[in-house]
Amino acid sequence: MRRIVAAVAGLALVIGLVGCSSANSSAPECTPLASSGSVVDSVKVEGGFGEIPTATFPTPLKATKTERKILVEGDGAPALPGGAVAVDFTLYNGETGELIGQTSYDGSDLQTTTLSENTLVSGLIATLQCAKAGSQIVSVIAPTDLLDPNGNTIGDLGEKTPIVVIADLVSTSLARATGKSQPSPDGMPTVVLDANGVPGITVPKTAPPTKLETAVLIKGDGPVVSAGASVTVHYTGVLWSDGTVFDSSWSRNTPATFSLNGVVPGFAQAIEGQTVGSQILAVIPPELAYGEQENGTIPPGSTLVFVIDILGTTK
């Protein structure tokens, strides 16, 4: 990856994953957090979506609020609060005009994160929120929107230094399963969601099934997940034996993106053929999980229980 300012990277570009295309055909309402203005209008950008851009602007820029402008409007789904985004970035120091950092725009260092105050400074959320996948965006982020969660200036940026951002919003995904709730089948683990959609799982005190068992808890209306596809998901996994959580993307505040060719067979089989926006309950026997091998905190011969929100997919 070409140099990206470490201070912003620490808050904004926390995980590099393969982005997945967007999701639900009935996307929720979205409220933009920034609009165009005279400051961002003074920034001239050369290079279209997918190209390495350059920007020129009068220095020093003075910004009391974050402004953004959509240079190229995409036709994908919008970047929603809490949802995952995959972005190419170019960053400039608004005082000096210096290029701070830049991704390569060839997919090798595409930056994936979530639109959440846990992972992004507020100015970058304002830059991306509600823009559609496929859009090229330019913003001028005010210094007050570049502060860390404790209100301190980040990195080596001055307390009055704005930054100019050119962002290619390559892809977006949902923040959580969004669809019609379905009846929960008898004999399966019970699932209760908190206000943010985080699942709690209670496993019955019975012998586990010997075959893969799945249930659709929420039925989404997005694209169908194909065999071997790349997916973006939120998930929690527990042991059938005692209900212990062994892994959860929710605890990291960031959805996971991966190819179904790279997960245990039962996980892939559980969501292949399902639709984006759905939530799937899967009980995976050992032979479709890790068999008789120990894997981290998962003992040999374990039956696994997953609740999976399917947020996005690409073939």
# chains A, B, ... in the order shown; residues from 1 in each chain; ligands from 1
$ closest_atom_pairs --of "region 46-128 of chain A" --to "region 138-161 of chain A" --cutoff "7 Å" --atoms "only C-alpha atoms" --output "Markdown table"
| residue | atom | partner | partner_atom | distance |
| --- | --- | --- | --- | --- |
| A:Ala63 | CA | A:Ala142 | CA | 5.0 |
| A:Thr64 | CA | A:Ala142 | CA | 5.6 |
| A:Lys65 | CA | A:Ala142 | CA | 5.0 |
| A:Thr66 | CA | A:Ile141 | CA | 4.4 |
| A:Glu67 | CA | A:Val140 | CA | 5.4 |
| A:Arg68 | CA | A:Ser139 | CA | 4.0 |
| A:Lys69 | CA | A:Val138 | CA | 5.4 |
| A:Ile70 | CA | A:Val138 | CA | 6.5 |
| A:Leu71 | CA | A:Val138 | CA | 6.9 |
| A:Gly94 | CA | A:Thr161 | CA | 6.3 |
| A:Glu95 | CA | A:Thr161 | CA | 5.9 |
| A:Val121 | CA | A:Leu146 | CA | 5.7 |
| A:Ser122 | CA | A:Asp145 | CA | 5.3 |
| A:Gly123 | CA | A:Asp145 | CA | 4.7 |
| A:Thr127 | CA | A:Ser139 | CA | 6.0 |
$ select_by_dssp --residues "region 55-88 of chain A" --states "strand (DSSP E)" --output "PDB file with N, CA, C and O atoms, in the first residue's frame"
ATOM      1  N   ALA A  55      -5.434  16.193  -7.274  1.00  0.00           N
ATOM      2  CA  ALA A  55      -6.280  17.327  -6.898  1.00  0.00           C
ATOM      3  C   ALA A  55      -5.423  18.579  -6.772  1.00  0.00           C
ATOM      4  O   ALA A  55      -4.272  18.530  -6.330  1.00  0.00           O
ATOM      5  N   THR A  56      -5.985  19.692  -7.186  1.00  0.00           N
ATOM      6  CA  THR A  56      -5.360  20.997  -6.983  1.00  0.00           C
ATOM      7  C   THR A  56      -6.370  21.897  -6.296  1.00  0.00           C
ATOM      8  O   THR A  56      -7.582  21.822  -6.551  1.00  0.00           O
ATOM      9  N   GLU A  67     -17.344  19.463   4.061  1.00  0.00           N
ATOM     10  CA  GLU A  67     -18.132  19.564   2.835  1.00  0.00           C
ATOM     11  C   GLU A  67     -17.757  18.415   1.908  1.00  0.00           C
ATOM     12  O   GLU A  67     -16.602  17.969   1.887  1.00  0.00           O
ATOM     13  N   ARG A  68     -18.734  17.934   1.136  1.00  0.00           N
ATOM     14  CA  ARG A  68     -18.427  16.884   0.165  1.00  0.00           C
ATOM     15  C   ARG A  68     -19.209  17.121  -1.109  1.00  0.00           C
ATOM     16  O   ARG A  68     -20.273  17.748  -1.115  1.00  0.00           O
ATOM     17  N   LYS A  69     -18.674  16.579  -2.196  1.00  0.00           N
ATOM     18  CA  LYS A  69     -19.323  16.678  -3.497  1.00  0.00           C
ATOM     19  C   LYS A  69     -19.160  15.346  -4.211  1.00  0.00           C
ATOM     20  O   LYS A  69     -18.086  14.749  -4.220  1.00  0.00           O
ATOM     21  N   ILE A  70     -20.247  14.869  -4.824  1.00  0.00           N
ATOM     22  CA  ILE A  70     -20.206  13.640  -5.608  1.00  0.00           C
ATOM     23  C   ILE A  70     -19.755  14.013  -7.018  1.00  0.00           C
ATOM     24  O   ILE A  70     -20.450  14.734  -7.736  1.00  0.00           O
ATOM     25  N   LEU A  71     -18.588  13.546  -7.411  1.00  0.00           N
ATOM     26  CA  LEU A  71     -18.068  13.842  -8.743  1.00  0.00           C
ATOM     27  C   LEU A  71     -18.620  12.882  -9.789  1.00  0.00           C
ATOM     28  O   LEU A  71     -18.929  13.281 -10.914  1.00  0.00           O
ATOM     29  N   VAL A  72     -18.692  11.609  -9.442  1.00  0.00           N
ATOM     30  CA  VAL A  72     -19.273  10.579 -10.297  1.00  0.00           C
ATOM     31  C   VAL A  72     -20.256   9.812  -9.437  1.00  0.00           C
ATOM     32  O   VAL A  72     -19.888   9.272  -8.401  1.00  0.00           O
ATOM     33  N   ALA A  84     -20.714  -2.024   5.871  1.00  0.00           N
ATOM     34  CA  ALA A  84     -19.326  -2.112   5.419  1.00  0.00           C
ATOM     35  C   ALA A  84     -19.157  -1.385   4.093  1.00  0.00           C
ATOM     36  O   ALA A  84     -20.072  -1.351   3.263  1.00  0.00           O
ATOM     37  N   VAL A  85     -17.982  -0.808   3.907  1.00  0.00           N
ATOM     38  CA  VAL A  85     -17.637  -0.138   2.658  1.00  0.00           C
ATOM     39  C   VAL A  85     -16.230  -0.554   2.248  1.00  0.00           C
ATOM     40  O   VAL A  85     -15.387  -0.828   3.096  1.00  0.00           O
ATOM     41  N   ALA A  86     -16.002  -0.620   0.949  1.00  0.00           N
ATOM     42  CA  ALA A  86     -14.667  -0.847   0.403  1.00  0.00           C
ATOM     43  C   ALA A  86     -14.316   0.368  -0.439  1.00  0.00           C
ATOM     44  O   ALA A  86     -15.080   0.742  -1.347  1.00  0.00           O
ATOM     45  N   VAL A  87     -13.165   0.995  -0.152  1.00  0.00           N
ATOM     46  CA  VAL A  87     -12.865   2.324  -0.681  1.00  0.00           C
ATOM     47  C   VAL A  87     -11.405   2.426  -1.102  1.00  0.00           C
ATOM     48  O   VAL A  87     -10.511   1.895  -0.445  1.00  0.00           O
ATOM     49  N   ASP A  88     -11.157   3.119  -2.222  1.00  0.00           N
ATOM     50  CA  ASP A  88      -9.835   3.621  -2.555  1.00  0.00           C
ATOM     51  C   ASP A  88      -9.782   5.089  -2.142  1.00  0.00           C
ATOM     52  O   ASP A  88     -10.731   5.853  -2.403  1.00  0.00           O
TER      53      ASP A  88
END
$ residues_around --residues "Phe267 (chain A)" --least-positions-apart "2" --cutoff "10 Å" --atoms "only C-alpha atoms" --output "MDAnalysis selection string"
chainID A and resid 212 214 260 262:265 269:272 282:284 288:289 304:306 308
$ residues_around --residues "Thr254 (chain A)" --least-positions-apart "3" --cutoff "9 Å" --atoms "only C-alpha atoms" --output "JSON list (two decimals) with N, CA, C and O atoms, in the first residue's frame"
[["chain", "number", "residue", "atom", "x", "y", "z"],
["A", 15, "ILE", "N", -9.08, -2.37, 8.72],
["A", 15, "ILE", "CA", -9.05, -3.75, 8.24],
["A", 15, "ILE", "C", -9.04, -3.74, 6.73],
["A", 15, "ILE", "O", -9.84, -3.05, 6.10],
["A", 82, "GLY", "N", -23.28, 1.98, 9.85],
["A", 82, "GLY", "CA", -23.00, 0.66, 10.37],
["A", 82, "GLY", "C", -22.66, -0.38, 9.32],
["A", 82, "GLY", "O", -22.22, -1.48, 9.65],
["A", 83, "GLY", "N", -22.87, -0.06, 8.05],
["A", 83, "GLY", "CA", -22.59, -1.00, 6.97],
["A", 83, "GLY", "C", -21.12, -0.98, 6.59],
["A", 83, "GLY", "O", -20.37, -0.07, 6.92],
["A", 84, "ALA", "N", -20.71, -2.02, 5.87],
["A", 84, "ALA", "CA", -19.33, -2.11, 5.42],
["A", 84, "ALA", "C", -19.16, -1.39, 4.09],
["A", 84, "ALA", "O", -20.07, -1.35, 3.26],
["A", 113, "THR", "N", -13.89, -0.99, 5.75],
["A", 113, "THR", "CA", -14.19, -0.63, 7.13],
["A", 113, "THR", "C", -15.71, -0.46, 7.24],
["A", 113, "THR", "O", -16.45, -0.77, 6.31],
["A", 114, "THR", "N", -16.17, -0.01, 8.39],
["A", 114, "THR", "CA", -17.59, 0.22, 8.59],
["A", 114, "THR", "C", -17.85, 1.69, 8.88],
["A", 114, "THR", "O", -16.99, 2.39, 9.40],
["A", 116, "SER", "N", -18.93, 3.60, 11.19],
["A", 116, "SER", "CA", -19.19, 3.57, 12.63],
["A", 116, "SER", "C", -18.17, 4.43, 13.33],
["A", 116, "SER", "O", -17.00, 4.49, 12.93],
["A", 119, "THR", "N", -14.83, 2.95, 14.21],
["A", 119, "THR", "CA", -13.80, 2.65, 13.22],
["A", 119, "THR", "C", -13.43, 3.84, 12.35],
["A", 119, "THR", "O", -12.42, 3.78, 11.64],
["A", 234, "HIS", "N", -22.08, -10.67, 9.05],
["A", 234, "HIS", "CA", -21.89, -10.60, 10.49],
["A", 234, "HIS", "C", -22.26, -11.97, 11.03],
["A", 234, "HIS", "O", -23.23, -12.59, 10.56],
["A", 249, "SER", "N", -18.03, -11.66, 14.80],
["A", 249, "SER", "CA", -17.65, -10.42, 14.13],
["A", 249, "SER", "C", -18.28, -9.22, 14.82],
["A", 249, "SER", "O", -17.73, -8.11, 14.76],
["A", 250, "TRP", "N", -19.42, -9.43, 15.48],
["A", 250, "TRP", "CA", -20.08, -8.33, 16.18],
["A", 250, "TRP", "C", -19.17, -7.76, 17.27],
["A", 250, "TRP", "O", -19.19, -6.54, 17.51],
["A", 251, "SER", "N", -18.40, -8.61, 17.92],
["A", 251, "SER", "CA", -17.52, -8.13, 19.00],
["A", 251, "SER", "C", -16.40, -7.25, 18.47],
["A", 251, "SER", "O", -15.80, -6.48, 19.21]]
$ residues_around --residues "Asn93 (chain A)" --least-positions-apart "3" --cutoff "8 Å" --atoms "only C-alpha atoms" --output "PyMOL selection string"
chain A and resi 96-100+161-164
$ residues_around --residues "Glu292 (chain A)" --least-positions-apart "4" --cutoff "10 Å" --atoms "only C-alpha atoms" --output "ChimeraX atom specification"
/A:286-287,299-302
$ write_last_selection --atoms "N, CA, C and O atoms" --output "mmCIF file, in the first residue's frame"
data_model
loop_
_atom_site.group_PDB
_atom_site.id
_atom_site.type_symbol
_atom_site.label_atom_id
_atom_site.label_comp_id
_atom_site.auth_asym_id
_atom_site.auth_seq_id
_atom_site.Cartn_x
_atom_site.Cartn_y
_atom_site.Cartn_z
ATOM 1 N N PRO A 286 -19.503 -32.027 13.394
ATOM 2 C CA PRO A 286 -18.033 -31.977 13.316
ATOM 3 C C PRO A 286 -17.473 -32.281 11.935
ATOM 4 O O PRO A 286 -16.501 -31.647 11.512
ATOM 5 N N GLU A 287 -18.056 -33.247 11.216
ATOM 6 C CA GLU A 287 -17.488 -33.636 9.923
ATOM 7 C C GLU A 287 -17.607 -32.532 8.881
ATOM 8 O O GLU A 287 -16.915 -32.562 7.856
ATOM 9 N N PRO A 299 -12.929 -27.365 20.825
ATOM 10 C CA PRO A 299 -12.403 -28.703 21.110
ATOM 11 C C PRO A 299 -12.638 -29.662 19.940
ATOM 12 O O PRO A 299 -13.485 -29.412 19.072
ATOM 13 N N PRO A 300 -11.886 -30.761 19.908
ATOM 14 C CA PRO A 300 -12.121 -31.778 18.872
ATOM 15 C C PRO A 300 -13.549 -32.324 18.943
ATOM 16 O O PRO A 300 -14.133 -32.438 20.021
ATOM 17 N N GLY A 301 -14.100 -32.634 17.778
ATOM 18 C CA GLY A 301 -15.423 -33.253 17.717
ATOM 19 C C GLY A 301 -16.570 -32.320 18.053
ATOM 20 O O GLY A 301 -17.655 -32.787 18.418
ATOM 21 N N SER A 302 -16.383 -31.026 17.912
ATOM 22 C CA SER A 302 -17.413 -30.064 18.317
ATOM 23 C C SER A 302 -18.470 -29.844 17.238
ATOM 24 O O SER A 302 -18.147 -29.698 16.053
#
$ atom_distance --atom1 "CA of Gly200 (chain A)" --atom2 "CA of Val225 (chain A)"
24.6 Å
$ atom_distance --atom1 "CA of Pro223 (chain A)" --atom2 "CA of Gln274 (chain A)"
8.3 Å
$ atom_distance --atom1 "CA of Gly179 (chain A)" --atom2 "CA of Leu311 (chain A)"
11.3 Å
$ select_by_dssp --residues "region 53-295 of chain A" --states "helix (DSSP H, G or I)" --output "number ranges by chain"
A: 122-128, 143-145, 250-252, 260-262, 265-271, 286-288
$ write_last_selection --atoms "N, CA and C atoms" --output "PDB file, in the first residue's frame"
ATOM      1  N   SER A 122     -15.327  11.161  12.326  1.00  0.00           N
ATOM      2  CA  SER A 122     -16.635  11.616  11.867  1.00  0.00           C
ATOM      3  C   SER A 122     -16.588  12.218  10.468  1.00  0.00           C
ATOM      4  N   GLY A 123     -15.459  12.841  10.110  1.00  0.00           N
ATOM      5  CA  GLY A 123     -15.363  13.449   8.787  1.00  0.00           C
ATOM      6  C   GLY A 123     -15.368  12.432   7.663  1.00  0.00           C
ATOM      7  N   LEU A 124     -14.794  11.258   7.910  1.00  0.00           N
ATOM      8  CA  LEU A 124     -14.819  10.214   6.889  1.00  0.00           C
ATOM      9  C   LEU A 124     -16.192   9.562   6.800  1.00  0.00           C
ATOM     10  N   ILE A 125     -16.894   9.457   7.927  1.00  0.00           N
ATOM     11  CA  ILE A 125     -18.281   8.989   7.867  1.00  0.00           C
ATOM     12  C   ILE A 125     -19.101   9.949   7.018  1.00  0.00           C
ATOM     13  N   ALA A 126     -18.927  11.254   7.258  1.00  0.00           N
ATOM     14  CA  ALA A 126     -19.665  12.251   6.487  1.00  0.00           C
ATOM     15  C   ALA A 126     -19.302  12.209   5.009  1.00  0.00           C
ATOM     16  N   THR A 127     -18.047  11.888   4.695  1.00  0.00           N
ATOM     17  CA  THR A 127     -17.612  11.790   3.304  1.00  0.00           C
ATOM     18  C   THR A 127     -18.367  10.682   2.566  1.00  0.00           C
ATOM     19  N   LEU A 128     -18.585   9.551   3.236  1.00  0.00           N
ATOM     20  CA  LEU A 128     -19.080   8.359   2.560  1.00  0.00           C
ATOM     21  C   LEU A 128     -20.573   8.101   2.741  1.00  0.00           C
ATOM     22  N   PRO A 143     -11.100  20.340  10.575  1.00  0.00           N
ATOM     23  CA  PRO A 143     -10.259  19.824  11.676  1.00  0.00           C
ATOM     24  C   PRO A 143     -11.071  19.247  12.833  1.00  0.00           C
ATOM     25  N   THR A 144     -12.218  19.855  13.133  1.00  0.00           N
ATOM     26  CA  THR A 144     -13.035  19.363  14.246  1.00  0.00           C
ATOM     27  C   THR A 144     -13.620  17.986  13.965  1.00  0.00           C
ATOM     28  N   ASP A 145     -13.649  17.583  12.703  1.00  0.00           N
ATOM     29  CA  ASP A 145     -14.170  16.262  12.329  1.00  0.00           C
ATOM     30  C   ASP A 145     -13.055  15.247  12.123  1.00  0.00           C
ATOM     31  N   TRP A 250     -19.421  -9.432  15.482  1.00  0.00           N
ATOM     32  CA  TRP A 250     -20.083  -8.329  16.181  1.00  0.00           C
ATOM     33  C   TRP A 250     -19.174  -7.756  17.268  1.00  0.00           C
ATOM     34  N   SER A 251     -18.397  -8.606  17.924  1.00  0.00           N
ATOM     35  CA  SER A 251     -17.525  -8.128  19.000  1.00  0.00           C
ATOM     36  C   SER A 251     -16.402  -7.254  18.467  1.00  0.00           C
ATOM     37  N   ARG A 252     -16.112  -7.373  17.153  1.00  0.00           N
ATOM     38  CA  ARG A 252     -15.066  -6.552  16.534  1.00  0.00           C
ATOM     39  C   ARG A 252     -15.646  -5.318  15.854  1.00  0.00           C
ATOM     40  N   LEU A 260     -16.341 -18.201   0.158  1.00  0.00           N
ATOM     41  CA  LEU A 260     -16.913 -19.420   0.732  1.00  0.00           C
ATOM     42  C   LEU A 260     -16.013 -20.627   0.490  1.00  0.00           C
ATOM     43  N   ASN A 261     -15.050 -20.497  -0.403  1.00  0.00           N
ATOM     44  CA  ASN A 261     -14.081 -21.576  -0.599  1.00  0.00           C
ATOM     45  C   ASN A 261     -13.079 -21.660   0.544  1.00  0.00           C
ATOM     46  N   GLY A 262     -13.067 -20.631   1.407  1.00  0.00           N
ATOM     47  CA  GLY A 262     -12.083 -20.581   2.468  1.00  0.00           C
ATOM     48  C   GLY A 262     -12.636 -20.823   3.859  1.00  0.00           C
ATOM     49  N   PRO A 265     -16.894 -26.428   5.392  1.00  0.00           N
ATOM     50  CA  PRO A 265     -17.957 -26.763   4.430  1.00  0.00           C
ATOM     51  C   PRO A 265     -19.367 -26.466   4.938  1.00  0.00           C
ATOM     52  N   GLY A 266     -19.617 -26.718   6.219  1.00  0.00           N
ATOM     53  CA  GLY A 266     -20.961 -26.494   6.736  1.00  0.00           C
ATOM     54  C   GLY A 266     -21.383 -25.041   6.704  1.00  0.00           C
ATOM     55  N   PHE A 267     -20.436 -24.136   6.958  1.00  0.00           N
ATOM     56  CA  PHE A 267     -20.738 -22.703   6.909  1.00  0.00           C
ATOM     57  C   PHE A 267     -21.116 -22.306   5.485  1.00  0.00           C
ATOM     58  N   ALA A 268     -20.308 -22.764   4.513  1.00  0.00           N
ATOM     59  CA  ALA A 268     -20.585 -22.438   3.114  1.00  0.00           C
ATOM     60  C   ALA A 268     -21.922 -23.015   2.679  1.00  0.00           C
ATOM     61  N   GLN A 269     -22.180 -24.275   3.010  1.00  0.00           N
ATOM     62  CA  GLN A 269     -23.434 -24.913   2.603  1.00  0.00           C
ATOM     63  C   GLN A 269     -24.649 -24.219   3.214  1.00  0.00           C
ATOM     64  N   ALA A 270     -24.477 -23.678   4.422  1.00  0.00           N
ATOM     65  CA  ALA A 270     -25.597 -23.043   5.113  1.00  0.00           C
ATOM     66  C   ALA A 270     -26.087 -21.787   4.417  1.00  0.00           C
ATOM     67  N   ILE A 271     -25.170 -21.053   3.756  1.00  0.00           N
ATOM     68  CA  ILE A 271     -25.614 -19.780   3.159  1.00  0.00           C
ATOM     69  C   ILE A 271     -25.632 -19.792   1.632  1.00  0.00           C
ATOM     70  N   PRO A 286     -19.503 -32.027  13.394  1.00  0.00           N
ATOM     71  CA  PRO A 286     -18.033 -31.977  13.316  1.00  0.00           C
ATOM     72  C   PRO A 286     -17.473 -32.281  11.935  1.00  0.00           C
ATOM     73  N   GLU A 287     -18.056 -33.247  11.216  1.00  0.00           N
ATOM     74  CA  GLU A 287     -17.488 -33.636   9.923  1.00  0.00           C
ATOM     75  C   GLU A 287     -17.607 -32.532   8.881  1.00  0.00           C
ATOM     76  N   LEU A 288     -18.470 -31.539   9.099  1.00  0.00           N
ATOM     77  CA  LEU A 288     -18.575 -30.393   8.202  1.00  0.00           C
ATOM     78  C   LEU A 288     -17.951 -29.139   8.820  1.00  0.00           C
TER      79      LEU A 288
END
$ closest_residue --among "A:Val39, A:Leu61, A:Cys130, A:Ile52" --to "Gly76 (chain A)" --atoms "only C-alpha atoms"
A:Cys130
$ closest_residue --among "A:Glu294, A:Asp186, A:Glu29, A:Asp309" --to "Ala79 (chain A)" --atoms "only C-alpha atoms"
A:Glu29
$ decode --residues "region 81-91 of chain A" --atoms "all heavy atoms" --output "PDB file, in the first residue's frame"
ATOM      1  N   PRO A  81     -25.259   3.754   7.565  1.00  0.00           N
ATOM      2  CA  PRO A  81     -24.639   3.751   8.887  1.00  0.00           C
ATOM      3  C   PRO A  81     -24.478   2.319   9.419  1.00  0.00           C
ATOM      4  O   PRO A  81     -25.426   1.528   9.397  1.00  0.00           O
ATOM      5  CB  PRO A  81     -25.627   4.550   9.737  1.00  0.00           C
ATOM      6  CG  PRO A  81     -26.337   5.436   8.757  1.00  0.00           C
ATOM      7  CD  PRO A  81     -26.445   4.631   7.495  1.00  0.00           C
ATOM      8  N   GLY A  82     -23.278   1.983   9.850  1.00  0.00           N
ATOM      9  CA  GLY A  82     -22.998   0.655  10.369  1.00  0.00           C
ATOM     10  C   GLY A  82     -22.665  -0.375   9.324  1.00  0.00           C
ATOM     11  O   GLY A  82     -22.219  -1.477   9.650  1.00  0.00           O
ATOM     12  N   GLY A  83     -22.871  -0.057   8.045  1.00  0.00           N
ATOM     13  CA  GLY A  83     -22.588  -1.002   6.974  1.00  0.00           C
ATOM     14  C   GLY A  83     -21.124  -0.983   6.586  1.00  0.00           C
ATOM     15  O   GLY A  83     -20.375  -0.068   6.919  1.00  0.00           O
ATOM     16  N   ALA A  84     -20.714  -2.024   5.871  1.00  0.00           N
ATOM     17  CA  ALA A  84     -19.326  -2.112   5.419  1.00  0.00           C
ATOM     18  C   ALA A  84     -19.157  -1.385   4.093  1.00  0.00           C
ATOM     19  O   ALA A  84     -20.072  -1.351   3.263  1.00  0.00           O
ATOM     20  CB  ALA A  84     -18.899  -3.570   5.274  1.00  0.00           C
ATOM     21  N   VAL A  85     -17.982  -0.808   3.907  1.00  0.00           N
ATOM     22  CA  VAL A  85     -17.637  -0.138   2.658  1.00  0.00           C
ATOM     23  C   VAL A  85     -16.230  -0.554   2.248  1.00  0.00           C
ATOM     24  O   VAL A  85     -15.387  -0.828   3.096  1.00  0.00           O
ATOM     25  CB  VAL A  85     -17.700   1.403   2.784  1.00  0.00           C
ATOM     26  CG1 VAL A  85     -19.132   1.876   2.998  1.00  0.00           C
ATOM     27  CG2 VAL A  85     -16.794   1.911   3.903  1.00  0.00           C
ATOM     28  N   ALA A  86     -16.002  -0.620   0.949  1.00  0.00           N
ATOM     29  CA  ALA A  86     -14.667  -0.847   0.403  1.00  0.00           C
ATOM     30  C   ALA A  86     -14.316   0.368  -0.439  1.00  0.00           C
ATOM     31  O   ALA A  86     -15.080   0.742  -1.347  1.00  0.00           O
ATOM     32  CB  ALA A  86     -14.625  -2.117  -0.436  1.00  0.00           C
ATOM     33  N   VAL A  87     -13.165   0.995  -0.152  1.00  0.00           N
ATOM     34  CA  VAL A  87     -12.865   2.324  -0.681  1.00  0.00           C
ATOM     35  C   VAL A  87     -11.405   2.426  -1.102  1.00  0.00           C
ATOM     36  O   VAL A  87     -10.511   1.895  -0.445  1.00  0.00           O
ATOM     37  CB  VAL A  87     -13.152   3.411   0.386  1.00  0.00           C
ATOM     38  CG1 VAL A  87     -13.038   4.808  -0.215  1.00  0.00           C
ATOM     39  CG2 VAL A  87     -14.520   3.226   1.017  1.00  0.00           C
ATOM     40  N   ASP A  88     -11.157   3.119  -2.222  1.00  0.00           N
ATOM     41  CA  ASP A  88      -9.835   3.621  -2.555  1.00  0.00           C
ATOM     42  C   ASP A  88      -9.782   5.089  -2.142  1.00  0.00           C
ATOM     43  O   ASP A  88     -10.731   5.853  -2.403  1.00  0.00           O
ATOM     44  CB  ASP A  88      -9.548   3.488  -4.051  1.00  0.00           C
ATOM     45  CG  ASP A  88      -8.971   2.131  -4.411  1.00  0.00           C
ATOM     46  OD1 ASP A  88      -8.072   1.665  -3.696  1.00  0.00           O
ATOM     47  OD2 ASP A  88      -9.430   1.538  -5.411  1.00  0.00           O
ATOM     48  N   PHE A  89      -8.671   5.488  -1.515  1.00  0.00           N
ATOM     49  CA  PHE A  89      -8.530   6.824  -0.959  1.00  0.00           C
ATOM     50  C   PHE A  89      -7.326   7.550  -1.538  1.00  0.00           C
ATOM     51  O   PHE A  89      -6.288   6.944  -1.796  1.00  0.00           O
ATOM     52  CB  PHE A  89      -8.288   6.757   0.557  1.00  0.00           C
ATOM     53  CG  PHE A  89      -9.514   6.623   1.404  1.00  0.00           C
ATOM     54  CD1 PHE A  89      -9.730   5.471   2.139  1.00  0.00           C
ATOM     55  CD2 PHE A  89     -10.420   7.651   1.504  1.00  0.00           C
ATOM     56  CE1 PHE A  89     -10.840   5.341   2.953  1.00  0.00           C
ATOM     57  CE2 PHE A  89     -11.535   7.545   2.299  1.00  0.00           C
ATOM     58  CZ  PHE A  89     -11.744   6.380   3.032  1.00  0.00           C
ATOM     59  N   THR A  90      -7.449   8.874  -1.696  1.00  0.00           N
ATOM     60  CA  THR A  90      -6.329   9.789  -1.862  1.00  0.00           C
ATOM     61  C   THR A  90      -6.523  10.913  -0.856  1.00  0.00           C
ATOM     62  O   THR A  90      -7.621  11.478  -0.767  1.00  0.00           O
ATOM     63  CB  THR A  90      -6.260  10.355  -3.289  1.00  0.00           C
ATOM     64  OG1 THR A  90      -6.002   9.288  -4.209  1.00  0.00           O
ATOM     65  CG2 THR A  90      -5.165  11.394  -3.425  1.00  0.00           C
ATOM     66  N   LEU A  91      -5.470  11.220  -0.096  1.00  0.00           N
ATOM     67  CA  LEU A  91      -5.553  12.205   0.980  1.00  0.00           C
ATOM     68  C   LEU A  91      -4.529  13.307   0.776  1.00  0.00           C
ATOM     69  O   LEU A  91      -3.366  13.028   0.474  1.00  0.00           O
ATOM     70  CB  LEU A  91      -5.301  11.537   2.335  1.00  0.00           C
ATOM     71  CG  LEU A  91      -6.097  10.281   2.685  1.00  0.00           C
ATOM     72  CD1 LEU A  91      -5.636   9.727   4.029  1.00  0.00           C
ATOM     73  CD2 LEU A  91      -7.579  10.570   2.710  1.00  0.00           C
TER      74      LEU A  91
END
